[in-house]
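*Asks:* Next comes the structure file target.cif, holding mmCIF, C-alpha atoms.
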```cif
data_protein
#
loop_
_atom_site.label_atom_id
_atom_site.label_comp_id
_atom_site.auth_asym_id
_atom_site.auth_seq_id
_atom_site.Cartn_x
_atom_site.Cartn_y
_atom_site.Cartn_z
CA SER A 119 157.16 115.08 106.98
CA ALA A 120 160.71 114.17 107.89
CA ALA A 121 161.76 117.82 107.62
CA ALA A 122 159.15 118.88 110.18
CA LEU A 123 160.17 116.06 112.52
CA TYR A 124 163.86 117.02 112.33
CA ARG A 125 163.02 120.71 112.77
CA GLU A 126 161.09 119.87 115.96
CA ARG A 127 163.97 117.77 117.29
CA ALA A 128 166.57 120.42 116.44
CA GLY A 129 164.40 123.00 118.21
CA ALA A 130 164.09 120.82 121.32
CA LEU A 131 167.86 120.34 121.41
CA ILE A 132 168.60 124.05 120.95
CA ASP A 133 166.05 125.08 123.58
CA ALA A 134 167.49 122.60 126.07
CA LEU A 135 171.05 123.82 125.42
CA HIS A 136 170.02 127.45 126.00
CA GLU A 137 168.17 126.49 129.21
CA GLN A 138 170.72 124.10 130.71
CA LEU A 139 173.97 125.65 129.44
CA PRO A 140 173.30 129.37 129.00
CA GLY A 141 176.23 131.05 127.26
CA ALA A 142 178.37 127.90 127.15
CA LEU A 143 177.79 127.29 123.45
CA GLN A 144 177.43 129.50 120.41
CA ILE A 145 174.52 127.94 118.54
CA GLN A 146 173.36 128.53 115.00
CA ALA A 147 170.09 126.82 114.18
CA PRO A 148 170.52 124.48 111.20
CA GLU A 149 168.56 125.23 108.05
CA GLY A 150 168.26 121.50 107.50
CA GLY A 151 170.19 118.30 107.97
CA LEU A 152 170.64 115.99 110.90
CA PHE A 153 173.35 117.67 112.97
CA LEU A 154 173.85 120.70 115.20
CA TRP A 155 177.36 122.18 115.36
CA PRO A 156 177.55 124.39 118.47
CA ARG A 157 180.86 126.03 119.36
CA LEU A 158 182.33 126.18 122.87
CA THR A 159 182.49 129.84 123.91
CA ASP A 160 184.89 129.41 126.85
CA ASP A 161 188.46 128.82 125.65
CA GLY A 162 189.19 127.41 129.11
CA VAL A 163 187.05 124.35 128.39
CA ASP A 164 189.16 121.49 127.03
CA PRO A 165 187.05 119.84 124.29
CA ALA A 166 188.71 116.43 124.72
CA ALA A 167 188.23 116.44 128.49
CA LEU A 168 184.61 117.57 128.08
CA PHE A 169 184.03 114.71 125.66
CA GLN A 170 185.40 112.21 128.21
CA ARG A 171 183.23 113.59 131.01
CA ALA A 172 180.15 113.62 128.77
CA ALA A 173 180.77 110.01 127.73
CA ALA A 174 181.09 109.07 131.41
CA ASN A 175 177.62 110.61 131.87
CA GLY A 176 176.22 108.56 128.98
CA VAL A 177 176.30 111.27 126.30
CA VAL A 178 178.34 110.60 123.17
CA TYR A 179 178.76 113.06 120.31
CA GLN A 180 181.41 113.62 117.67
CA GLN A 181 184.30 115.97 118.37
CA GLY A 182 184.63 118.73 115.79
CA GLU A 183 188.36 118.31 115.30
CA PHE A 184 187.71 115.10 113.35
CA PHE A 185 185.81 117.10 110.73
CA ALA A 186 188.47 119.73 110.01
CA ALA A 187 188.84 120.28 106.28
CA GLY A 188 192.24 121.93 106.44
CA PRO A 189 195.52 121.66 108.31
CA GLN A 190 194.26 123.97 111.08
CA PRO A 191 192.01 121.86 113.35
CA ARG A 192 192.02 124.53 116.11
CA SER A 193 188.73 126.19 115.19
CA SER A 194 187.03 122.87 114.42
CA ALA A 195 188.12 121.52 117.80
CA ARG A 196 185.93 124.13 119.52
CA HIS A 197 182.84 122.67 117.81
CA LEU A 198 180.74 119.72 118.95
CA ARG A 199 178.71 117.68 116.48
CA PHE A 200 175.34 116.62 117.88
CA SER A 201 173.06 114.26 116.00
CA TYR A 202 169.38 114.80 116.79
CA SER A 203 167.54 112.94 114.04
CA ASP A 204 167.15 109.61 115.84
CA ARG A 205 166.24 110.89 119.31
CA THR A 206 162.95 112.10 120.73
CA PRO A 207 162.68 115.59 122.25
CA GLU A 208 162.57 113.95 125.70
CA GLU A 209 165.75 111.99 125.01
CA LEU A 210 167.45 115.13 123.71
CA ARG A 211 166.53 117.09 126.83
CA GLU A 212 167.89 114.29 129.02
CA ALA A 213 171.11 114.20 126.98
CA VAL A 214 171.57 117.94 127.51
CA ARG A 215 170.93 117.53 131.24
CA ARG A 216 173.74 114.95 131.34
CA LEU A 217 175.97 117.13 129.17
CA ALA A 218 175.47 120.02 131.61
CA LEU A 219 176.84 117.76 134.37
CA ALA A 220 179.98 117.26 132.26
CA PHE A 221 180.57 121.00 132.23
#
```
Mind turning this structure into structure tokens?
*Replies:*
Amino acid sequence: SAAALYRERAGALIDALHEQLPGALQIQAPEGGLFLWPRLTDDGVDPAALFQRAAANGVVYQQGEFFAAGPQPRSSARHLRFSYSDRTPEELREAVRRLALAF
């Protein structure tokens, strides 16, 4: 089923993030859906600069600040929005490897 496929892909992404970037992101496994919303744990990491470095390494994701519901985008800016539904576990692991280089 699609749900099982997405669960497998989310799991591969989460596992890779824990392996490649231990402690860098606070991760809550999604109960469903197509996106993972990890939060940067180190306030010294500039989300916009990280995004630019990640893009330079071929990894593009959405920055959380663009999904802020209220006038306070600060907390949202610490979140990254990763889509995993259209990538294989191998592609997700490679994306995390490249993301780790951006850190």
*Asks:* Taking only C-alpha atoms into account, name the residue in A:Ala220, A:Leu198, A:Val214, A:Ala120 that is nearest to Ile132 in chain A.
*Replies:*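 Once distances to Ile132 in chain A are computed over only C-alpha atoms, the minimum belongs to A:Val214.
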*Asks:* Between CA of His136 in chain A and CA of Ala121 in chain A, measure the distance and give it in Å to one decimal.
*Replies:*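 Result for CA of His136 in chain A versus CA of Ala121 in chain A: 22.3 Å, one decimal.
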*Asks:* Using the chain letters and numbers from the file, which residues does the PyMOL selection byres ((chain A and resi 148-162) around 6) grab, as a PDB file with C-alpha atoms, in the coordinates of the input?
*Replies:*
```pdb
ATOM      1  CA  ALA A 142     178.370 127.900 127.150  1.00  0.00           C
ATOM      2  CA  LEU A 143     177.790 127.290 123.450  1.00  0.00           C
ATOM      3  CA  GLN A 144     177.430 129.500 120.410  1.00  0.00           C
ATOM      4  CA  ILE A 145     174.520 127.940 118.540  1.00  0.00           C
ATOM      5  CA  ALA A 147     170.090 126.820 114.180  1.00  0.00           C
ATOM      6  CA  VAL A 163     187.050 124.350 128.390  1.00  0.00           C
ATOM      7  CA  ARG A 196     185.930 124.130 119.520  1.00  0.00           C
ATOM      8  CA  HIS A 197     182.840 122.670 117.810  1.00  0.00           C
ATOM      9  CA  LEU A 198     180.740 119.720 118.950  1.00  0.00           C
ATOM     10  CA  ARG A 199     178.710 117.680 116.480  1.00  0.00           C
ATOM     11  CA  PHE A 200     175.340 116.620 117.880  1.00  0.00           C
ATOM     12  CA  SER A 201     173.060 114.260 116.000  1.00  0.00           C
ATOM     13  CA  SER A 203     167.540 112.940 114.040  1.00  0.00           C
TER      14      SER A 203
END
```
*Asks:* Please, what distance in Å, to one decimal, runs between CA of Asp164 in chain A and CA of Thr206 in chain A?
*Replies:*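 These atoms are spaced 28.5 Å apart.
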*Asks:* Rounded to one decimal, what separation in Å do you get between CA of Gly141 in chain A and CA of Ala195 in chain A?
*Replies:*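 If I compute the distance from CA of Gly141 in chain A to CA of Ala195 in chain A, I get 17.9 Å.
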*Asks:* Find, counting all atoms listed in the file, the residue in A:Ala166, A:Gln181, A:Leu139, A:Ala174 that gets nearest to Arg215 in chain A.
*Replies:*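 Using all atoms listed in the file, Arg215 in chain A sits closest to A:Leu139.
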*Asks:* Kindly resolve the PyMOL selection byres ((chain A and resi 207) around 10) on the present coordinates and return the residues as a list of chain:residue names.
*Replies:* A:Glu126, A:Arg127, A:Ala128, A:Gly129, A:Ala130, A:Leu131, A:Ala134, A:Tyr202, A:Ser203, A:Asp204, A:Arg205, A:Thr206, A:Glu208, A:Glu209, A:Leu210, A:Arg211, A:Glu212, A:Ala213
*Asks:* For Glu183 in chain A, which residue out of A:Glu137, A:Pro165, A:Leu217, A:Gln146 is the nearest one, using all atoms listed in the file?
*Replies:* A:Pro165
*Asks:* Residues at most 8 Å from Leu219 in chain A, counting only C-alpha atoms, excluding those fewer than 3 positions away in the same chain, as a list in words?
*Replies:*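 Surrounding residues, per the criterion: Ala172, Asn175, Arg215 and Arg216 of chain A.
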*Asks:* Would you mind putting all heavy atoms back on range 168-179 of chain A and writing the result as a short mmCIF file (atom, residue, chain, number, x, y, z; two decimals), keeping the file's coordinate frame?
*Replies:*
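Contents of the output file selection_6.cif:
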```
data_model
loop_
_atom_site.label_atom_id
_atom_site.label_comp_id
_atom_site.auth_asym_id
_atom_site.auth_seq_id
_atom_site.Cartn_x
_atom_site.Cartn_y
_atom_site.Cartn_z
N LEU A 168 186.08 117.47 128.04
CA LEU A 168 184.61 117.57 128.08
C LEU A 168 183.99 116.33 127.46
O LEU A 168 183.04 115.75 128.01
CB LEU A 168 184.13 118.82 127.36
CG LEU A 168 182.61 118.98 127.27
CD1 LEU A 168 181.99 119.15 128.66
CD2 LEU A 168 182.24 120.16 126.37
N PHE A 169 184.53 115.90 126.33
CA PHE A 169 184.03 114.71 125.66
C PHE A 169 184.09 113.50 126.59
O PHE A 169 183.15 112.72 126.69
CB PHE A 169 184.81 114.44 124.37
CG PHE A 169 184.39 113.18 123.67
CD1 PHE A 169 183.27 113.16 122.87
CD2 PHE A 169 185.11 112.02 123.83
CE1 PHE A 169 182.86 111.98 122.23
CE2 PHE A 169 184.71 110.84 123.20
CZ PHE A 169 183.59 110.83 122.40
N GLN A 170 185.24 113.35 127.29
CA GLN A 170 185.40 112.21 128.21
C GLN A 170 184.40 112.27 129.35
O GLN A 170 183.81 111.25 129.72
CB GLN A 170 186.84 112.18 128.76
CG GLN A 170 187.90 111.89 127.72
CD GLN A 170 187.77 110.52 127.09
OE1 GLN A 170 187.33 109.57 127.73
NE2 GLN A 170 188.12 110.41 125.82
N ARG A 171 184.19 113.46 129.91
CA ARG A 171 183.23 113.59 131.01
C ARG A 171 181.80 113.35 130.52
O ARG A 171 180.99 112.73 131.21
CB ARG A 171 183.34 114.98 131.65
CG ARG A 171 184.64 115.19 132.42
CD ARG A 171 184.61 116.46 133.26
NE ARG A 171 184.30 117.67 132.53
CZ ARG A 171 185.21 118.46 131.95
NH1 ARG A 171 186.50 118.15 132.01
NH2 ARG A 171 184.83 119.56 131.32
N ALA A 172 181.49 113.84 129.33
CA ALA A 172 180.15 113.62 128.77
C ALA A 172 179.91 112.13 128.54
O ALA A 172 178.85 111.61 128.88
CB ALA A 172 179.99 114.40 127.46
N ALA A 173 180.90 111.45 127.98
CA ALA A 173 180.77 110.01 127.73
C ALA A 173 180.56 109.27 129.04
O ALA A 173 179.77 108.32 129.11
CB ALA A 173 181.99 109.49 126.99
N ALA A 174 181.25 109.70 130.10
CA ALA A 174 181.09 109.07 131.41
C ALA A 174 179.67 109.27 131.94
O ALA A 174 179.19 108.46 132.74
CB ALA A 174 182.12 109.64 132.39
N ASN A 175 179.00 110.34 131.47
CA ASN A 175 177.62 110.61 131.87
C ASN A 175 176.61 110.02 130.87
O ASN A 175 175.42 110.31 130.96
CB ASN A 175 177.39 112.11 132.00
CG ASN A 175 177.94 112.68 133.29
OD1 ASN A 175 177.88 112.03 134.33
ND2 ASN A 175 178.48 113.88 133.23
N GLY A 176 177.11 109.23 129.92
CA GLY A 176 176.22 108.56 128.98
C GLY A 176 175.83 109.37 127.76
O GLY A 176 174.86 109.04 127.08
N VAL A 177 176.59 110.44 127.47
CA VAL A 177 176.30 111.27 126.30
C VAL A 177 177.50 111.19 125.36
O VAL A 177 178.62 111.56 125.73
CB VAL A 177 176.05 112.74 126.68
CG1 VAL A 177 175.83 113.59 125.44
CG2 VAL A 177 174.86 112.85 127.61
N VAL A 178 177.27 110.71 124.15
CA VAL A 178 178.34 110.60 123.17
C VAL A 178 177.96 111.43 121.95
O VAL A 178 176.85 111.35 121.45
CB VAL A 178 178.60 109.13 122.77
CG1 VAL A 178 179.68 109.05 121.71
CG2 VAL A 178 179.00 108.31 123.99
N TYR A 179 178.91 112.24 121.51
CA TYR A 179 178.76 113.06 120.31
C TYR A 179 180.08 113.00 119.56
O TYR A 179 181.05 112.40 120.05
CB TYR A 179 178.40 114.51 120.67
CG TYR A 179 179.34 115.15 121.66
CD1 TYR A 179 180.52 115.76 121.23
CD2 TYR A 179 179.08 115.13 123.03
CE1 TYR A 179 181.40 116.33 122.13
CE2 TYR A 179 179.96 115.70 123.93
CZ TYR A 179 181.12 116.30 123.48
OH TYR A 179 181.99 116.86 124.38
#
```
